[in-house]
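**Student:** Contents of input_37.txt (compact mmCIF, C-alpha atoms and all ligand atoms) are below:
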# COMPACT_ATOMS: atom_id res chain seq x y z
CA MET G 483 75.87 -9.05 86.07
CA ASP G 484 77.08 -5.53 85.44
CA ARG G 485 74.07 -3.68 84.15
CA GLU G 486 76.20 -1.08 82.36
CA GLU G 487 78.04 -3.67 80.28
CA ALA G 488 75.02 -5.82 79.65
CA THR G 489 73.01 -3.19 77.78
CA PRO G 490 72.22 -4.91 74.46
CA ALA G 491 72.39 -3.36 71.03
CA PRO G 492 68.94 -2.31 69.78
CA ALA G 493 68.81 -5.13 67.27
CA CYS G 494 65.14 -4.62 66.46
CA ARG G 495 65.94 -1.17 65.13
CA ALA G 496 69.26 -1.97 63.59
CA GLY G 497 67.75 -4.05 60.78
CA PRO G 498 70.19 -5.51 58.27
CA GLY G 499 73.06 -3.71 59.96
CA ALA G 500 72.49 -5.38 63.29
CA ARG G 501 75.15 -8.07 62.82
CA THR G 502 77.80 -5.53 61.86
CA HIS G 503 76.66 -3.36 64.72
CA ARG G 504 77.25 -6.04 67.28
CA GLN G 505 80.52 -7.16 65.73
CA VAL G 506 82.00 -3.70 65.69
CA MET G 507 80.76 -2.89 69.14
CA SER G 508 82.53 -5.99 70.30
CA ASP G 509 85.76 -5.09 68.48
CA THR G 510 85.66 -1.57 69.79
CA SER G 511 85.15 -2.59 73.38
CA SER G 512 87.91 -5.23 73.31
CA GLU G 513 90.52 -3.00 71.71
CA ALA G 514 89.90 0.35 73.25
CA ALA G 515 87.73 -0.01 76.27
CA PRO G 516 87.92 -3.28 78.17
CA GLU G 517 85.63 -1.85 80.79
CA ALA G 518 83.05 -0.33 78.53
CA THR G 519 80.59 2.00 80.12
CA ARG G 520 77.07 2.63 78.92
CA ARG G 521 78.28 5.93 77.48
CA THR G 522 81.03 4.37 75.36
CA VAL G 523 78.70 1.65 74.15
CA LEU G 524 76.13 4.20 73.06
CA LYS G 525 78.76 6.32 71.33
CA ALA G 526 80.04 3.31 69.41
CA GLY G 527 76.52 2.34 68.51
CA THR G 528 75.80 5.77 67.08
CA ALA G 529 78.92 5.73 64.94
CA ILE G 530 78.20 2.30 63.54
CA ALA G 531 74.55 3.06 62.90
CA VAL G 532 75.78 5.82 60.61
CA THR G 533 78.32 3.44 59.10
CA SER G 534 75.78 0.78 58.24
CA ALA G 535 73.57 3.33 56.51
CA THR G 536 76.29 4.81 54.37
CA THR G 537 78.78 2.19 53.32
CA THR G 538 77.37 1.76 49.84
CA TYR G 539 77.25 5.45 49.14
CA ALA G 540 80.50 6.70 50.58
CA ALA G 541 83.70 7.39 48.68
CA PRO G 542 85.12 4.56 46.52
CA GLU G 543 87.85 3.80 49.03
CA GLN G 544 85.29 3.50 51.80
CA ALA G 545 83.04 1.39 49.62
CA ALA G 546 85.98 -0.97 48.99
CA HIS G 547 86.48 -1.33 52.73
CA ALA G 548 82.80 -2.07 53.12
CA MET G 549 82.89 -4.72 50.39
CA ALA G 550 85.83 -6.30 52.16
CA GLY G 551 83.73 -6.53 55.28
CA GLN G 552 85.71 -3.85 57.08
CA ALA G 553 83.97 -1.32 59.22
CA ILE G 554 84.14 2.34 58.29
CA VAL G 555 82.94 5.36 60.14
CA VAL G 556 81.38 8.27 58.34
CA GLN G 557 81.05 11.38 60.42
CA GLY G 558 78.82 14.28 59.55
CA PRO G 559 77.20 15.05 56.22
CA VAL G 560 78.08 13.13 53.09
CA LYS G 561 77.85 14.23 49.49
CA VAL G 562 74.80 12.82 47.78
CA LEU G 563 73.84 13.10 44.13
CA LEU G 564 70.10 12.99 43.69
CA LYS G 565 68.80 12.83 40.16
CA VAL G 566 65.29 14.20 40.30
CA ASN G 567 63.19 14.74 37.20
CA ASP G 568 66.35 14.53 35.05
CA VAL G 569 68.17 17.19 37.06
CA VAL G 570 71.11 16.19 39.25
CA TYR G 571 71.25 17.88 42.64
CA GLU G 572 74.40 17.65 44.71
CA ARG G 573 73.77 18.05 48.40
CA LEU G 574 75.62 17.49 51.66
CA LEU G 575 73.23 15.44 53.76
CA GLU G 576 73.33 13.74 57.11
CA PRO G 577 72.89 10.01 56.51
CA ARG G 578 69.66 10.08 58.53
CA VAL G 579 67.88 12.49 56.15
CA THR G 580 64.94 10.86 54.41
CA LEU G 581 64.37 11.23 50.70
CA LEU G 582 61.15 13.10 51.48
CA ASP G 583 62.92 15.71 53.59
CA ALA G 584 65.73 16.00 51.06
CA LEU G 585 63.23 16.66 48.28
CA ARG G 586 61.16 19.17 50.20
CA GLU G 587 63.66 20.94 52.41
CA ARG G 588 67.01 20.60 50.66
CA ILE G 589 65.97 20.72 47.01
CA GLY G 590 62.79 22.76 47.28
CA LEU G 591 60.46 20.36 45.49
CA THR G 592 57.47 20.63 47.80
CA GLY G 593 54.97 18.89 45.53
CA THR G 594 55.65 15.65 47.37
CA LYS G 595 53.66 15.84 50.60
CA LYS G 596 54.40 14.73 54.13
CA GLY G 597 51.32 13.19 55.69
CA CYS G 598 52.08 10.60 58.36
CA ASP G 599 55.88 10.48 57.91
CA ARG G 600 55.81 6.79 58.77
CA GLY G 601 54.75 4.90 55.67
CA GLU G 602 51.03 4.71 56.27
CA CYS G 603 49.34 7.29 54.05
CA GLY G 604 51.14 7.29 50.68
CA ALA G 605 51.15 11.10 50.42
CA CYS G 606 54.92 11.05 49.88
CA THR G 607 54.91 8.55 47.00
CA VAL G 608 57.54 9.11 44.31
CA LEU G 609 58.99 6.88 41.61
CA VAL G 610 62.53 5.56 41.89
CA ASP G 611 63.75 3.84 38.74
CA GLY G 612 60.10 3.59 37.75
CA ARG G 613 58.94 1.93 40.95
CA ARG G 614 56.76 3.67 43.51
CA ILE G 615 58.10 4.09 47.00
CA THR G 616 57.12 6.05 50.07
CA SER G 617 59.85 8.64 50.28
CA CYS G 618 59.42 9.10 54.03
CA LEU G 619 60.67 5.56 54.58
CA THR G 620 63.87 5.69 52.56
CA LEU G 621 67.08 7.55 53.23
CA ALA G 622 68.24 10.02 50.62
CA ILE G 623 71.72 8.46 50.48
CA MET G 624 70.13 5.15 49.50
CA GLN G 625 68.83 6.76 46.32
CA ASP G 626 72.14 8.29 45.27
CA GLY G 627 72.43 8.08 41.48
CA ARG G 628 68.97 6.64 40.94
CA ASP G 629 66.29 8.04 38.72
CA ILE G 630 63.76 9.82 40.92
CA THR G 631 60.51 11.20 39.55
CA THR G 632 58.24 13.49 41.54
CA ILE G 633 54.96 15.15 40.72
CA GLU G 634 56.89 18.16 39.40
CA GLY G 635 58.30 15.95 36.66
CA MET G 636 55.01 14.61 35.33
CA ALA G 637 53.85 17.36 33.00
CA ASP G 638 55.55 17.98 29.69
CA GLY G 639 55.80 21.75 29.72
CA ASP G 640 52.25 23.04 29.70
CA ARG G 641 50.86 19.66 28.73
CA LEU G 642 49.67 17.67 31.71
CA HIS G 643 50.38 13.98 32.09
CA PRO G 644 47.26 11.92 31.18
CA MET G 645 46.92 10.95 34.83
CA GLN G 646 46.94 14.57 35.97
CA GLN G 647 44.35 15.43 33.34
CA ALA G 648 42.19 12.48 34.36
CA PHE G 649 42.18 13.59 37.99
CA ILE G 650 40.92 16.99 36.85
CA ASP G 651 38.35 15.49 34.48
CA HIS G 652 36.92 13.25 37.18
CA ASP G 653 37.25 15.64 40.10
CA GLY G 654 39.54 13.17 41.81
CA LEU G 655 40.41 15.52 44.64
CA GLN G 656 39.01 17.89 47.20
CA CYS G 657 41.67 19.40 49.43
CA GLY G 658 44.37 18.01 47.14
CA PHE G 659 46.84 17.10 49.85
CA CYS G 660 46.98 13.44 48.91
CA THR G 661 46.80 14.10 45.19
CA PRO G 662 50.51 14.19 44.24
CA GLY G 663 51.02 10.84 45.94
CA GLN G 664 47.83 9.46 44.39
CA ILE G 665 48.95 10.49 40.92
CA MET G 666 52.46 9.06 41.28
CA SER G 667 51.05 5.83 42.62
CA ALA G 668 48.39 5.72 39.91
CA VAL G 669 50.98 6.11 37.15
CA ALA G 670 52.93 3.20 38.56
CA CYS G 671 49.73 1.20 39.03
CA VAL G 672 48.99 1.51 35.32
CA GLN G 673 52.58 0.84 34.26
CA GLU G 674 52.67 -2.27 36.45
CA GLY G 675 49.58 -3.58 34.64
CA HIS G 676 47.37 -3.36 37.70
CA ALA G 677 44.60 -1.21 36.30
CA GLY G 678 42.60 -3.91 34.51
CA SER G 679 39.42 -3.39 36.50
CA ASP G 680 38.00 -1.13 39.19
CA ASP G 681 38.59 -3.80 41.80
CA GLU G 682 42.19 -4.17 40.72
CA ILE G 683 42.73 -0.41 40.79
CA ARG G 684 41.23 -0.22 44.28
CA GLU G 685 43.48 -3.01 45.46
CA TRP G 686 46.70 -1.62 43.99
CA MET G 687 45.94 1.94 45.05
CA SER G 688 45.04 0.90 48.59
CA GLY G 689 48.32 2.24 49.98
CA ASN G 690 47.26 5.79 49.20
CA LEU G 691 44.78 7.21 51.66
CA CYS G 692 42.48 10.16 51.02
CA ARG G 693 41.01 11.92 54.01
CA CYS G 694 38.44 13.54 51.72
CA SER G 695 37.29 10.10 50.56
CA CYS G 696 37.58 10.79 46.86
CA TYR G 697 38.08 7.11 46.16
CA PRO G 698 35.31 6.63 43.55
CA THR G 699 36.53 9.53 41.44
CA ILE G 700 40.16 8.50 41.85
CA VAL G 701 39.31 5.05 40.51
CA ALA G 702 37.48 6.64 37.59
CA ALA G 703 40.49 8.85 36.87
CA VAL G 704 42.91 5.94 36.91
CA ARG G 705 40.62 3.98 34.60
CA GLN G 706 40.51 6.84 32.12
CA ALA G 707 44.24 7.49 32.24
CA ALA G 708 44.99 3.79 31.80
CA GLU G 709 43.32 3.96 28.40
CA GLY G 710 45.30 7.06 27.43
CA MET G 711 48.60 5.65 28.62
CA SER G 712 48.37 2.33 26.78
S1 LIG G 801 54.15 10.62 54.55
FE1 LIG G 801 55.09 8.86 53.74
S2 LIG G 801 53.55 7.35 53.82
FE2 LIG G 801 52.66 9.06 54.84
S1 LIG G 802 41.78 15.11 48.34
FE1 LIG G 802 41.91 15.66 50.44
S2 LIG G 802 43.09 14.06 51.29
FE2 LIG G 802 42.69 13.39 49.30
The structure given in the file should be rewritten as structure tokens.
Ligand code: FES
Ligand code: FES
**Tutor:**
Amino acid sequence: MDREEATPAPACRAGPGARTHRQVMSDTSSEAAPEATRRTVLKAGTAIAVTSATTTYAAPEQAAHAMAGQAIVVQGPVKVLLKVNDVVYERLLEPRVTLLDALRERIGLTGTKKGCDRGECGACTVLVDGRRITSCLTLAIMQDGRDITTIEGMADGDRLHPMQQAFIDHDGLQCGFCTPGQIMSAVACVQEGHAGSDDEIREWMSGNLCRCSCYPTIVAAVRQAAEGMS
């Protein structure tokens, strides 16, 4: 067997786009390169990886192609509209840019922190359409047009959000690095109805790690804010 031609698509990384990936790779090799080399296969794979990540968010004509099951190729940055804290930011972003990097490096909202950058610490937690997500694990283009709330959007002018105030009242932080993510997650925890007891708060806040081990005071803060938010 020719080793060059037999190199499989990285299905484990391709996720939901894997089927399209393989289909298009097959189409490409049969139409344009009967004797595909490893280089051509890799180039096709790169193009389609971008395609699978952007079909929903590309121009209407491209979206129509995608809905019809046709492959499209998006090259380079795409225009993304990110609505953050009720302000719409238009940015040209590579499809691979995470929401976290878009917020911090392309919009300048550095309140959201980058801890692990792989979904383990919760420091990057933001709300999207009211639901908490780890912004390091989602692509910015996937959140085009959605309602994103970051820590910068919590206070009402000079008046802190009840959760922010509760963290101060209970000394729910030391170094403060995890605090924006803790607060965003805590707000969602209360809104989800998961702050009925200390045990429940601990359980539903368990995705947010604190290297300073402020957990007891964080729980106390969430408990206090839950009363103020109801
Ligand atoms: S930085 Fe996103 S979960 Fe750690
Ligand atoms: S307050 Fe330091 S990591 Fe949580």
**Student:** In terms of the shortest atom-to-atom distance over all atoms listed in the file, which of G:Cys657, G:Ala670, G:Ile683, G:Val570 is closest to Ile615 of chain G?
**Tutor:**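 Ranking G:Cys657, G:Ala670, G:Ile683, G:Val570 by distance to Ile615 of chain G, first place goes to G:Ala670.
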**Student:** Name all residues at most 8 Å from segment 576-592 of chain G (count all atoms listed in the file; drop same-chain ones fewer than 3 positions away) and give them as a VMD selection string.
**Tutor:** chain G and resid 532 535 to 536 558 to 560 571 573 595 to 596 606 617 to 623 625 634
**Student:** Using only C-alpha atoms and all ligand atoms, find each protein or nucleic acid residue lying at most 6 Å from ligand LIG 801 (chain G); present the set as a PDB file with C-alpha atoms, keeping the file's coordinate frame.
**Tutor:**
ATOM      1  CA  LYS G 596      54.400  14.730  54.130  1.00  0.00           C
ATOM      2  CA  GLY G 597      51.320  13.190  55.690  1.00  0.00           C
ATOM      3  CA  CYS G 598      52.080  10.600  58.360  1.00  0.00           C
ATOM      4  CA  ASP G 599      55.880  10.480  57.910  1.00  0.00           C
ATOM      5  CA  ARG G 600      55.810   6.790  58.770  1.00  0.00           C
ATOM      6  CA  GLY G 601      54.750   4.900  55.670  1.00  0.00           C
ATOM      7  CA  GLU G 602      51.030   4.710  56.270  1.00  0.00           C
ATOM      8  CA  CYS G 603      49.340   7.290  54.050  1.00  0.00           C
ATOM      9  CA  GLY G 604      51.140   7.290  50.680  1.00  0.00           C
ATOM     10  CA  ALA G 605      51.150  11.100  50.420  1.00  0.00           C
ATOM     11  CA  CYS G 606      54.920  11.050  49.880  1.00  0.00           C
ATOM     12  CA  THR G 616      57.120   6.050  50.070  1.00  0.00           C
ATOM     13  CA  SER G 617      59.850   8.640  50.280  1.00  0.00           C
ATOM     14  CA  CYS G 618      59.420   9.100  54.030  1.00  0.00           C
TER      15      CYS G 618
END
**Student:** Throw together the list of residues within 10 Å of ligand LIG 802 (chain G), counting only C-alpha atoms and all ligand atoms, and drop it here as JSON, numbers by chain.
**Tutor:** {"G": [597, 603, 605, 653, 654, 655, 656, 657, 658, 659, 660, 661, 662, 663, 664, 690, 691, 692, 693, 694, 695, 696, 697, 700]}
**Student:** Any idea what's packed within 10 Å of Asp651 of chain G, counting only C-alpha atoms, ignoring anything in its chain fewer than 4 positions away? Could you give it as a count of residues only?
**Tutor:** 7
**Student:** Take atom CA of Met711 of chain G and atom CA of Gln673 of chain G and report the distance between them in Å, one decimal.
**Tutor:**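 Computing it gives 8.4 Å between the two atoms.
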**Student:** Pick from G:Ala668, G:Val562, G:Ala648, G:Ala708: nearest to Gly627 of chain G, with all atoms listed in the file counted?
**Tutor:**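 Among the listed residues, G:Val562 lies closest to Gly627 of chain G.
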**Student:** I need the residue nearest Phe649 of chain G from this list: G:Glu685, G:Ile665, G:Gly635, G:Pro698. Use only C-alpha atoms for the distance.
**Tutor:**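 Among the listed residues, the smallest separation from Phe649 of chain G belongs to G:Ile665.
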